[in-house]
Amino acid sequence: MPFWLEIIINITFSYIASIGFALTINVPHRALNLAGISGTVGWMMYWFCFRFGMGRMLSNLLGAFIIGILGLIFARIKKCPVTVFNIPALVPLVPGVPAYQAVRALVDGETFDAETAILKVAIVTCAIALGMLLSTMFIEMFYRTKRFYRRKKNKI
């Protein structure tokens, strides 16, 4: 399959997944498109990083970081809560297959395989949480620095 076709497929399905989940949790219609865009950009960041060999943890961290930054920016633009954009956008990053494999291995009695899959799920979940935390800290630091220099400029 050509690389450009893989990109189009990933963009399309990540947008559909984000919008579909946003509709499920009753996101306001004025925020639907931006929630889908945020999910698509976060997924593409994950996909490119994973494809270039950065590993699952770093790829999820960077994808969640981008989603967090976009969510904060879009929340200011649309005057909505940040979770309206972040929750649907994180859906493509959720480790569904390893979670399913962990439950399946537990049901089959394969404890070693279950532990491995649970560890993958825990690592990805922690990476997503850390990415969201870092993005919030980064944006907060940016606005505080901007406010500091604006006050400093006004005093002179």
# chains A, B, ... in the order shown; residues from 1 in each chain; ligands from 1

call {"tool": "residues_around", "arguments": {"residues": "Ala35 of chain A", "least_positions_apart": "4", "cutoff": "7 Å", "atoms": "only C-alpha atoms", "output": "VMD selection string"}}
result
chain A and resid 18 to 19 31 39 85 88 to 89

call {"tool": "write_last_selection", "arguments": {"atoms": "N, CA, C and O atoms", "output": "PDB file, in the first residue's frame"}}
result
ATOM      1  N   SER A  18     -12.935  10.150  16.388  1.00  0.00           N
ATOM      2  CA  SER A  18     -13.060  11.270  17.325  1.00  0.00           C
ATOM      3  C   SER A  18     -14.445  11.900  17.261  1.00  0.00           C
ATOM      4  O   SER A  18     -15.064  12.180  18.300  1.00  0.00           O
ATOM      5  N   ILE A  19     -14.930  12.133  16.062  1.00  0.00           N
ATOM      6  CA  ILE A  19     -16.259  12.727  15.907  1.00  0.00           C
ATOM      7  C   ILE A  19     -17.344  11.775  16.416  1.00  0.00           C
ATOM      8  O   ILE A  19     -18.298  12.201  17.073  1.00  0.00           O
ATOM      9  N   ALA A  31     -18.408  22.548  18.474  1.00  0.00           N
ATOM     10  CA  ALA A  31     -17.064  22.080  18.815  1.00  0.00           C
ATOM     11  C   ALA A  31     -16.714  20.751  18.154  1.00  0.00           C
ATOM     12  O   ALA A  31     -15.590  20.278  18.316  1.00  0.00           O
ATOM     13  N   GLY A  39      -8.247  15.218  17.436  1.00  0.00           N
ATOM     14  CA  GLY A  39      -8.017  13.772  17.444  1.00  0.00           C
ATOM     15  C   GLY A  39      -7.175  13.316  16.268  1.00  0.00           C
ATOM     16  O   GLY A  39      -6.295  12.462  16.402  1.00  0.00           O
ATOM     17  N   PHE A  85     -12.873  18.960  24.024  1.00  0.00           N
ATOM     18  CA  PHE A  85     -11.959  18.665  22.924  1.00  0.00           C
ATOM     19  C   PHE A  85     -11.025  17.514  23.246  1.00  0.00           C
ATOM     20  O   PHE A  85     -10.674  16.732  22.361  1.00  0.00           O
ATOM     21  N   PRO A  88     -12.778  13.349  23.378  1.00  0.00           N
ATOM     22  CA  PRO A  88     -12.960  12.665  22.093  1.00  0.00           C
ATOM     23  C   PRO A  88     -11.655  12.505  21.317  1.00  0.00           C
ATOM     24  O   PRO A  88     -11.478  11.525  20.592  1.00  0.00           O
ATOM     25  N   ALA A  89     -10.731  13.443  21.478  1.00  0.00           N
ATOM     26  CA  ALA A  89      -9.480  13.380  20.728  1.00  0.00           C
ATOM     27  C   ALA A  89      -8.575  12.260  21.225  1.00  0.00           C
ATOM     28  O   ALA A  89      -7.757  11.738  20.461  1.00  0.00           O
TER      29      ALA A  89
END

call {"tool": "closest_residue", "arguments": {"among": "A:Met44, A:Val27, A:Ala102, A:Cys80", "to": "Ile11 of chain A", "atoms": "only C-alpha atoms"}}
result
A:Met44

call {"tool": "closest_residue", "arguments": {"among": "A:Leu34, A:Leu23, A:Ile69, A:Leu119", "to": "Met132 of chain A", "atoms": "only C-alpha atoms"}}
result
A:Ile69

call {"tool": "atom_distance", "arguments": {"atom1": "atom CA of Leu90 of chain A", "atom2": "atom CA of Phe3 of chain A"}}
result
24.0 Å

call {"tool": "closest_residue", "arguments": {"among": "A:Gly53, A:Gly36, A:Pro98, A:Gly68", "to": "Gly131 of chain A", "atoms": "only C-alpha atoms"}}
result
A:Gly68

call {"tool": "residues_around", "arguments": {"residues": "segment 140-146 of chain A", "least_positions_apart": "6", "cutoff": "10 Å", "atoms": "only C-alpha atoms", "output": "list in words"}}
result
Leu72, Leu134 and Lys152 of chain A

call {"tool": "write_last_selection", "arguments": {"atoms": "N, CA and C atoms", "output": "short mmCIF file (atom, residue, chain, number, x, y, z; two decimals), in the first residue's frame"}}
result
data_model
loop_
_atom_site.label_atom_id
_atom_site.label_comp_id
_atom_site.auth_asym_id
_atom_site.auth_seq_id
_atom_site.Cartn_x
_atom_site.Cartn_y
_atom_site.Cartn_z
N LEU A 72 -6.50 23.02 24.69
CA LEU A 72 -6.47 24.29 25.42
C LEU A 72 -6.65 25.48 24.48
N LEU A 134 1.83 17.44 30.84
CA LEU A 134 2.89 18.30 30.30
C LEU A 134 2.33 19.40 29.41
N LYS A 152 5.47 43.85 32.79
CA LYS A 152 6.76 44.51 32.83
C LYS A 152 6.83 45.65 31.81
#
